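What follows is one structure encoded as structure tokens, with my remarks underneath.
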Amino acid sequence: QVQLVESGGGLVQAGGSLRLACAASGRTFSNGYMGWFRQAPGKEREFVAAIRWIDGTTYYPDSVKGRFTISRVNAKNTVYLQMNSLKAEDTAVYYCAGRERWSTVSTVFSSNGYAYWGQGTQVTVSS
């Protein structure tokens, strides 16, 4: 059984930093990719970052580029999201997701491109 467990969410002031972690068990994503999405109340789920496991290639939307960094630790089967210069508009529930096999670059940007999801962790940025 595949499990993705997020941790590290919380309350932070605008301009501050948080690091989220997602530990995977029951499956290896070494031939695939993992990513982070977020969903604010009343809004659609939004792509935040992704990493191709085999070579560490990363992908970001313009809204977080330069502020967020995704990374992975192979030995721990864990992916991280370092979030700096946080803004009030970053407030959302953040979800970790993964897929065992690489497809095309376009698939990492869509929630439909992921087979497994974590339960989510709340990030609240106060202004």
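Naming works like this for the structure tokens: A, B, ... for the chains as they're shown, residue 1 at the start of each chain, ligands 1 onward in shown order.
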Checklist line | Shell of 10 Å around Tyr116 in chain A, only C-alpha atoms, local chain residues under 6 positions omitted, as a PyMOL selection string | finding: chain A and resi 2-4+24+27+34+96-100
Item checked: Test item, strand (DSSP E) assignment across range 6-88 of chain A, answer as a PyMOL selection string -> chain A and resi 6-7+10-13+18-25+33-39+46-52+58-59+68-73+78-83
What's the 7 Å shell around range 35-38 of chain A, counting only C-alpha atoms, without same-chain residues fewer than 3 positions away, as a CSV table (one decimal) with N, CA and C atoms, in the first residue's frame?
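Writing done, so here's out-v1.csv:
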chain,number,residue,atom,x,y,z
A,45,ARG,N,-7.2,23.2,-7.3
A,45,ARG,CA,-5.9,22.8,-6.9
A,45,ARG,C,-4.9,23.3,-8.0
A,46,GLU,N,-3.8,23.8,-7.4
A,46,GLU,CA,-2.8,24.5,-8.2
A,46,GLU,C,-1.4,23.8,-8.2
A,47,PHE,N,-0.8,23.6,-9.3
A,47,PHE,CA,0.6,23.0,-9.3
A,47,PHE,C,1.6,24.0,-8.7
A,48,VAL,N,2.5,23.4,-7.8
A,48,VAL,CA,3.5,24.3,-7.1
A,48,VAL,C,4.9,23.9,-7.5
A,49,ALA,N,5.2,22.6,-7.6
A,49,ALA,CA,6.6,22.2,-7.9
A,49,ALA,C,6.6,20.7,-8.2
A,50,ALA,N,7.6,20.3,-9.0
A,50,ALA,CA,7.7,18.8,-9.2
A,50,ALA,C,9.2,18.5,-9.5
A,51,ILE,N,9.6,17.3,-9.2
A,51,ILE,CA,10.9,16.9,-9.4
A,51,ILE,C,11.0,15.5,-10.1
A,92,ALA,N,-2.7,27.9,1.9
A,92,ALA,CA,-3.5,26.8,1.2
A,92,ALA,C,-3.2,25.5,2.0
A,93,VAL,N,-3.9,24.5,1.6
A,93,VAL,CA,-3.5,23.1,2.0
A,93,VAL,C,-2.6,22.6,0.9
A,94,TYR,N,-1.4,22.2,1.3
A,94,TYR,CA,-0.4,21.7,0.4
A,94,TYR,C,-0.4,20.2,0.3
A,95,TYR,N,-0.4,19.6,-0.9
A,95,TYR,CA,-0.5,18.2,-1.1
A,95,TYR,C,0.7,17.7,-1.8
A,96,CYS,N,1.2,16.6,-1.4
A,96,CYS,CA,2.3,15.9,-2.0
A,96,CYS,C,1.7,14.8,-3.0
A,97,ALA,N,2.3,14.6,-4.1
A,97,ALA,CA,1.8,13.6,-5.0
A,97,ALA,C,2.9,12.9,-5.8
A,98,GLY,N,2.7,11.7,-6.3
A,98,GLY,CA,3.7,11.0,-7.0
A,98,GLY,C,3.2,10.1,-8.1
Next item on the list: Do a neighbour search on Met83 in chain A at 10 Å with only C-alpha atoms, toss out local chain neighbours closer than 2 positions, and write the hits as a PyMOL selection string.
Entry: chain A and resi 15-20+64+66-70+80-81+85-87+90
